[in-house]
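Below is the file input.pdb, which contains PDB, C-alpha atoms.
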MODEL        1
ATOM      1  CA  GLN A   1     151.574 172.956 -95.978
ATOM      2  CA  VAL A   2     148.618 172.441 -93.724
ATOM      3  CA  HIS A   3     146.499 175.505 -93.174
ATOM      4  CA  LEU A   4     143.545 174.118 -91.244
ATOM      5  CA  VAL A   5     143.363 170.961 -89.165
ATOM      6  CA  GLU A   6     140.044 169.540 -88.030
ATOM      7  CA  SER A   7     139.635 166.813 -85.421
ATOM      8  CA  GLY A   8     137.139 165.304 -83.014
ATOM      9  CA  GLY A   9     134.788 163.485 -85.334
ATOM     10  CA  GLY A  10     133.553 159.980 -84.796
ATOM     11  CA  GLU A  11     130.558 157.688 -84.808
ATOM     12  CA  VAL A  12     127.798 158.259 -82.284
ATOM     13  CA  GLN A  13     124.219 157.189 -81.759
ATOM     14  CA  PRO A  14     121.332 159.586 -82.335
ATOM     15  CA  GLY A  15     121.105 161.982 -79.426
ATOM     16  CA  GLY A  16     124.818 161.800 -78.782
ATOM     17  CA  SER A  17     127.395 164.584 -78.667
ATOM     18  CA  LEU A  18     130.771 165.389 -80.152
ATOM     19  CA  ARG A  19     133.152 168.302 -79.865
ATOM     20  CA  LEU A  20     135.041 169.225 -82.998
ATOM     21  CA  SER A  21     138.221 171.276 -83.011
ATOM     22  CA  CYS A  22     139.902 173.289 -85.722
ATOM     23  CA  ALA A  23     143.459 174.556 -85.523
ATOM     24  CA  ALA A  24     144.940 177.190 -87.811
ATOM     25  CA  PRO A  25     148.683 176.755 -87.290
ATOM     26  CA  ARG A  26     149.766 178.797 -90.308
ATOM     27  CA  MET A  27     147.627 181.837 -89.595
ATOM     28  CA  ILE A  28     149.262 184.743 -87.857
ATOM     29  CA  THR A  29     147.435 185.341 -84.585
ATOM     30  CA  SER A  30     146.415 188.883 -85.450
ATOM     31  CA  VAL A  31     145.017 187.676 -88.761
ATOM     32  CA  PHE A  32     143.107 184.837 -87.099
ATOM     33  CA  ASN A  33     141.660 187.239 -84.548
ATOM     34  CA  ALA A  34     140.331 189.471 -87.318
ATOM     35  CA  GLU A  35     138.681 186.690 -89.328
ATOM     36  CA  SER A  36     135.162 185.371 -89.186
ATOM     37  CA  MET A  37     135.499 181.593 -88.913
ATOM     38  CA  GLY A  38     132.964 179.018 -89.946
ATOM     39  CA  TRP A  39     132.139 175.352 -89.764
ATOM     40  CA  TYR A  40     131.060 173.797 -93.015
ATOM     41  CA  ARG A  41     129.811 170.313 -93.768
ATOM     42  CA  ARG A  42     129.582 168.163 -96.846
ATOM     43  CA  THR A  43     127.456 165.106 -97.467
ATOM     44  CA  PRO A  44     127.803 162.816-100.501
ATOM     45  CA  GLY A  45     126.220 164.354-103.562
ATOM     46  CA  LYS A  46     125.812 167.772-101.991
ATOM     47  CA  GLU A  47     127.817 170.969-102.034
ATOM     48  CA  ARG A  48     129.743 171.962 -98.940
ATOM     49  CA  GLU A  49     127.537 174.242 -96.861
ATOM     50  CA  LEU A  50     128.191 176.708 -94.083
ATOM     51  CA  VAL A  51     126.368 175.686 -90.915
ATOM     52  CA  ALA A  52     127.841 178.017 -88.306
ATOM     53  CA  ARG A  53     130.030 181.075 -88.087
ATOM     54  CA  ILE A  54     131.673 183.107 -85.362
ATOM     55  CA  ASP A  55     132.818 186.638 -85.969
ATOM     56  CA  PRO A  56     135.833 188.368 -84.406
ATOM     57  CA  ASP A  57     133.545 189.874 -81.754
ATOM     58  CA  ARG A  58     132.212 186.354 -81.056
ATOM     59  CA  THR A  59     128.830 187.037 -82.618
ATOM     60  CA  THR A  60     127.519 183.715 -83.868
ATOM     61  CA  ASP A  61     125.075 182.607 -86.520
ATOM     62  CA  TYR A  62     123.726 179.173 -87.338
ATOM     63  CA  ASP A  63     121.906 177.409 -90.095
ATOM     64  CA  GLU A  64     118.360 176.569 -89.066
ATOM     65  CA  SER A  65     119.146 172.864 -89.274
ATOM     66  CA  VAL A  66     121.588 173.061 -86.347
ATOM     67  CA  LYS A  67     120.322 176.046 -84.374
ATOM     68  CA  GLY A  68     119.768 175.181 -80.725
ATOM     69  CA  ARG A  69     121.817 171.991 -80.942
ATOM     70  CA  PHE A  70     125.280 173.069 -82.073
ATOM     71  CA  THR A  71     127.506 175.762 -80.563
ATOM     72  CA  VAL A  72     130.538 177.403 -82.145
ATOM     73  CA  SER A  73     133.266 179.045 -80.071
ATOM     74  CA  ARG A  74     136.812 180.267 -80.549
ATOM     75  CA  ASP A  75     140.041 180.611 -78.615
ATOM     76  CA  ASN A  76     142.015 183.359 -80.290
ATOM     77  CA  ALA A  77     145.175 182.817 -78.224
ATOM     78  CA  LYS A  78     145.324 179.207 -79.429
ATOM     79  CA  LYS A  79     144.072 180.034 -82.939
ATOM     80  CA  LYS A  80     141.375 177.409 -82.565
ATOM     81  CA  VAL A  81     137.688 177.145 -83.312
ATOM     82  CA  TYR A  82     135.432 174.624 -81.616
ATOM     83  CA  PHE A  83     132.092 173.112 -82.540
ATOM     84  CA  GLN A  84     129.997 171.452 -79.866
ATOM     85  CA  LEU A  85     127.495 169.115 -81.456
ATOM     86  CA  ASN A  86     124.622 168.007 -79.211
ATOM     87  CA  SER A  87     121.423 166.069 -79.865
ATOM     88  CA  LEU A  88     122.933 164.649 -83.018
ATOM     89  CA  LYS A  89     120.646 163.301 -85.711
ATOM     90  CA  PRO A  90     121.357 160.888 -88.567
ATOM     91  CA  GLU A  91     121.016 163.781 -91.011
ATOM     92  CA  ASP A  92     124.007 165.450 -89.330
ATOM     93  CA  THR A  93     126.206 162.727 -90.786
ATOM     94  CA  ALA A  94     128.796 164.545 -92.887
ATOM     95  CA  ALA A  95     132.411 165.553 -93.218
ATOM     96  CA  TYR A  96     132.929 168.745 -91.223
ATOM     97  CA  PHE A  97     135.433 171.428 -92.189
ATOM     98  CA  CYS A  98     136.434 174.798 -90.859
ATOM     99  CA  ASN A  99     137.535 177.817 -92.850
ATOM    100  CA  THR A 100     137.229 181.546 -92.885
ATOM    101  CA  VAL A 101     133.949 183.184 -93.872
ATOM    102  CA  PRO A 102     134.115 183.809 -96.772
ATOM    103  CA  VAL A 103     136.484 181.016 -97.704
ATOM    104  CA  LYS A 104     140.047 182.240 -98.098
ATOM    105  CA  ARG A 105     142.217 179.260 -97.109
ATOM    106  CA  PRO A 106     142.852 175.853 -98.637
ATOM    107  CA  TRP A 107     140.534 173.247 -97.221
ATOM    108  CA  GLY A 108     141.800 170.832 -94.613
ATOM    109  CA  GLN A 109     141.008 167.143 -94.598
ATOM    110  CA  GLY A 110     137.947 167.620 -92.446
ATOM    111  CA  THR A 111     136.651 165.306 -89.762
ATOM    112  CA  GLN A 112     133.921 162.740 -90.323
ATOM    113  CA  VAL A 113     130.827 162.690 -88.134
ATOM    114  CA  THR A 114     128.598 159.643 -88.433
ATOM    115  CA  VAL A 115     125.325 159.428 -86.534
ATOM    116  CA  SER A 116     123.850 155.971 -86.624
ATOM    117  CA  SER A 117     122.059 153.537 -84.387
TER     118      SER A 117
ENDMDL
END

Rewritten as structure tokens:
Amino acid sequence: QVHLVESGGGEVQPGGSLRLSCAAPRMITSVFNAESMGWYRRTPGKERELVARIDPDRTTDYDESVKGRFTVSRDNAKKKVYFQLNSLKPEDTAAYFCNTVPVKRPWGQGTQVTVSS
């Protein structure tokens, strides 16, 4: 029973870009539309951290580490959340997950982003 499905990760060089996608197939559309959604990331040895959120009114907020480089957006009709990652740095290497803010759903498998030269 998959609640959240992340995709779009990969390996890129520093300065590169990726676009991550998150689908919420089991969420009723009206519920999805009313939820704040977030992108979280986890690196080995560290707790999963929230790095970006988008509210139902499309207000966004970002962690200082990604502000100005990453952009979160949503398509309510498709029940999807997107994460455009630009100017990637090696320290952005992590597994990226989406979930509600605060977390209410089981975690998906995430999508791995590796930034390396």

If we count only C-alpha atoms and set the cut-off at 7 Å, which residues sit around Glu49 in chain A, ignoring sequence neighbours fewer than 4 positions away in its own chain? Please answer as a PyMOL selection string. chain A and resi 40-42

Can you turn the PyMOL selection byres ((chain A and resi 59) around 12) into a concrete residue list for this file, as a ChimeraX atom specification? /A:35-38,52-58,60-62,71-74

Can you spit out the residues from that selection as a PDB file, keeping the file's coordinate frame, using C-alpha atoms?
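Just written: result08.pdb:
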ATOM      1  CA  GLU A  35     138.681 186.690 -89.328  1.00  0.00           C
ATOM      2  CA  SER A  36     135.162 185.371 -89.186  1.00  0.00           C
ATOM      3  CA  MET A  37     135.499 181.593 -88.913  1.00  0.00           C
ATOM      4  CA  GLY A  38     132.964 179.018 -89.946  1.00  0.00           C
ATOM      5  CA  ALA A  52     127.841 178.017 -88.306  1.00  0.00           C
ATOM      6  CA  ARG A  53     130.030 181.075 -88.087  1.00  0.00           C
ATOM      7  CA  ILE A  54     131.673 183.107 -85.362  1.00  0.00           C
ATOM      8  CA  ASP A  55     132.818 186.638 -85.969  1.00  0.00           C
ATOM      9  CA  PRO A  56     135.833 188.368 -84.406  1.00  0.00           C
ATOM     10  CA  ASP A  57     133.545 189.874 -81.754  1.00  0.00           C
ATOM     11  CA  ARG A  58     132.212 186.354 -81.056  1.00  0.00           C
ATOM     12  CA  THR A  60     127.519 183.715 -83.868  1.00  0.00           C
ATOM     13  CA  ASP A  61     125.075 182.607 -86.520  1.00  0.00           C
ATOM     14  CA  TYR A  62     123.726 179.173 -87.338  1.00  0.00           C
ATOM     15  CA  THR A  71     127.506 175.762 -80.563  1.00  0.00           C
ATOM     16  CA  VAL A  72     130.538 177.403 -82.145  1.00  0.00           C
ATOM     17  CA  SER A  73     133.266 179.045 -80.071  1.00  0.00           C
ATOM     18  CA  ARG A  74     136.812 180.267 -80.549  1.00  0.00           C
TER      19      ARG A  74
END

When you count all atoms listed in the file, which of these residues is closest to Arg105 in chain A: A:Val66, A:Met27, A:Val12, A:Leu88? A:Met27

Could you pull the residues within 12 Å of Gly16 in chain A, counting only C-alpha atoms, minus those fewer than 5 positions along the same chain, as a PDB file with C-alpha atoms, keeping the file's coordinate frame?
ATOM      1  CA  GLY A  10     133.553 159.980 -84.796  1.00  0.00           C
ATOM      2  CA  GLU A  11     130.558 157.688 -84.808  1.00  0.00           C
ATOM      3  CA  ARG A  69     121.817 171.991 -80.942  1.00  0.00           C
ATOM      4  CA  PHE A  70     125.280 173.069 -82.073  1.00  0.00           C
ATOM      5  CA  GLN A  84     129.997 171.452 -79.866  1.00  0.00           C
ATOM      6  CA  LEU A  85     127.495 169.115 -81.456  1.00  0.00           C
ATOM      7  CA  ASN A  86     124.622 168.007 -79.211  1.00  0.00           C
ATOM      8  CA  SER A  87     121.423 166.069 -79.865  1.00  0.00           C
ATOM      9  CA  LEU A  88     122.933 164.649 -83.018  1.00  0.00           C
ATOM     10  CA  LYS A  89     120.646 163.301 -85.711  1.00  0.00           C
ATOM     11  CA  PRO A  90     121.357 160.888 -88.567  1.00  0.00           C
ATOM     12  CA  ASP A  92     124.007 165.450 -89.330  1.00  0.00           C
ATOM     13  CA  VAL A 113     130.827 162.690 -88.134  1.00  0.00           C
ATOM     14  CA  THR A 114     128.598 159.643 -88.433  1.00  0.00           C
ATOM     15  CA  VAL A 115     125.325 159.428 -86.534  1.00  0.00           C
ATOM     16  CA  SER A 116     123.850 155.971 -86.624  1.00  0.00           C
ATOM     17  CA  SER A 117     122.059 153.537 -84.387  1.00  0.00           C
TER      18      SER A 117
END

Where is the centre and how long are the edges: axis-aligned box on range 83-100 of chain A, 3 Å on each side, Å to one decimal, as JSON:
{"center_x": 129.1, "center_y": 171.2, "center_z": -86.2, "size_x": 22.9, "size_y": 26.7, "size_z": 20.0}

Starting from the PyMOL selection byres ((chain A and resi 23) around 12), expand the selection into actual residues of this file and give them as an MDAnalysis selection string. chainID A and resid 2:8 20:22 24:29 32 37 74:83 97:100 108:110

Please write the residues from the selection above to a file, keeping C-alpha atoms, as a PDB file, in the coordinates of the input.
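Saved to selection.pdb:
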ATOM      1  CA  VAL A   2     148.618 172.441 -93.724  1.00  0.00           C
ATOM      2  CA  HIS A   3     146.499 175.505 -93.174  1.00  0.00           C
ATOM      3  CA  LEU A   4     143.545 174.118 -91.244  1.00  0.00           C
ATOM      4  CA  VAL A   5     143.363 170.961 -89.165  1.00  0.00           C
ATOM      5  CA  GLU A   6     140.044 169.540 -88.030  1.00  0.00           C
ATOM      6  CA  SER A   7     139.635 166.813 -85.421  1.00  0.00           C
ATOM      7  CA  GLY A   8     137.139 165.304 -83.014  1.00  0.00           C
ATOM      8  CA  LEU A  20     135.041 169.225 -82.998  1.00  0.00           C
ATOM      9  CA  SER A  21     138.221 171.276 -83.011  1.00  0.00           C
ATOM     10  CA  CYS A  22     139.902 173.289 -85.722  1.00  0.00           C
ATOM     11  CA  ALA A  24     144.940 177.190 -87.811  1.00  0.00           C
ATOM     12  CA  PRO A  25     148.683 176.755 -87.290  1.00  0.00           C
ATOM     13  CA  ARG A  26     149.766 178.797 -90.308  1.00  0.00           C
ATOM     14  CA  MET A  27     147.627 181.837 -89.595  1.00  0.00           C
ATOM     15  CA  ILE A  28     149.262 184.743 -87.857  1.00  0.00           C
ATOM     16  CA  THR A  29     147.435 185.341 -84.585  1.00  0.00           C
ATOM     17  CA  PHE A  32     143.107 184.837 -87.099  1.00  0.00           C
ATOM     18  CA  MET A  37     135.499 181.593 -88.913  1.00  0.00           C
ATOM     19  CA  ARG A  74     136.812 180.267 -80.549  1.00  0.00           C
ATOM     20  CA  ASP A  75     140.041 180.611 -78.615  1.00  0.00           C
ATOM     21  CA  ASN A  76     142.015 183.359 -80.290  1.00  0.00           C
ATOM     22  CA  ALA A  77     145.175 182.817 -78.224  1.00  0.00           C
ATOM     23  CA  LYS A  78     145.324 179.207 -79.429  1.00  0.00           C
ATOM     24  CA  LYS A  79     144.072 180.034 -82.939  1.00  0.00           C
ATOM     25  CA  LYS A  80     141.375 177.409 -82.565  1.00  0.00           C
ATOM     26  CA  VAL A  81     137.688 177.145 -83.312  1.00  0.00           C
ATOM     27  CA  TYR A  82     135.432 174.624 -81.616  1.00  0.00           C
ATOM     28  CA  PHE A  83     132.092 173.112 -82.540  1.00  0.00           C
ATOM     29  CA  PHE A  97     135.433 171.428 -92.189  1.00  0.00           C
ATOM     30  CA  CYS A  98     136.434 174.798 -90.859  1.00  0.00           C
ATOM     31  CA  ASN A  99     137.535 177.817 -92.850  1.00  0.00           C
ATOM     32  CA  THR A 100     137.229 181.546 -92.885  1.00  0.00           C
ATOM     33  CA  GLY A 108     141.800 170.832 -94.613  1.00  0.00           C
ATOM     34  CA  GLN A 109     141.008 167.143 -94.598  1.00  0.00           C
ATOM     35  CA  GLY A 110     137.947 167.620 -92.446  1.00  0.00           C
TER      36      GLY A 110
END

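For the set A:Gln1, A:Thr93, A:Thr111, A:Ser65, the residue with the smallest atom-to-atom gap to Pro14 in chain A is A:Thr93, counting only C-alpha atoms.
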
Calculate how many Å separate CA of Lys104 in chain A from CA of Thr43 in chain A, rounding to one decimal. 21.3 Å

Using only C-alpha atoms, which of the listed residues (A:Gly9, A:Leu50, A:Ala34, A:Asp63) sits closest to Pro102 in chain A? A:Leu50

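Taking CA of Pro44 in chain A and CA of Gly68 in chain A as the two end points, the separation is 24.7 Å.
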
Would you mind reading off the distance between CA of Leu18 in chain A and CA of Gln112 in chain A, one decimal, in Å? 11.0 Å
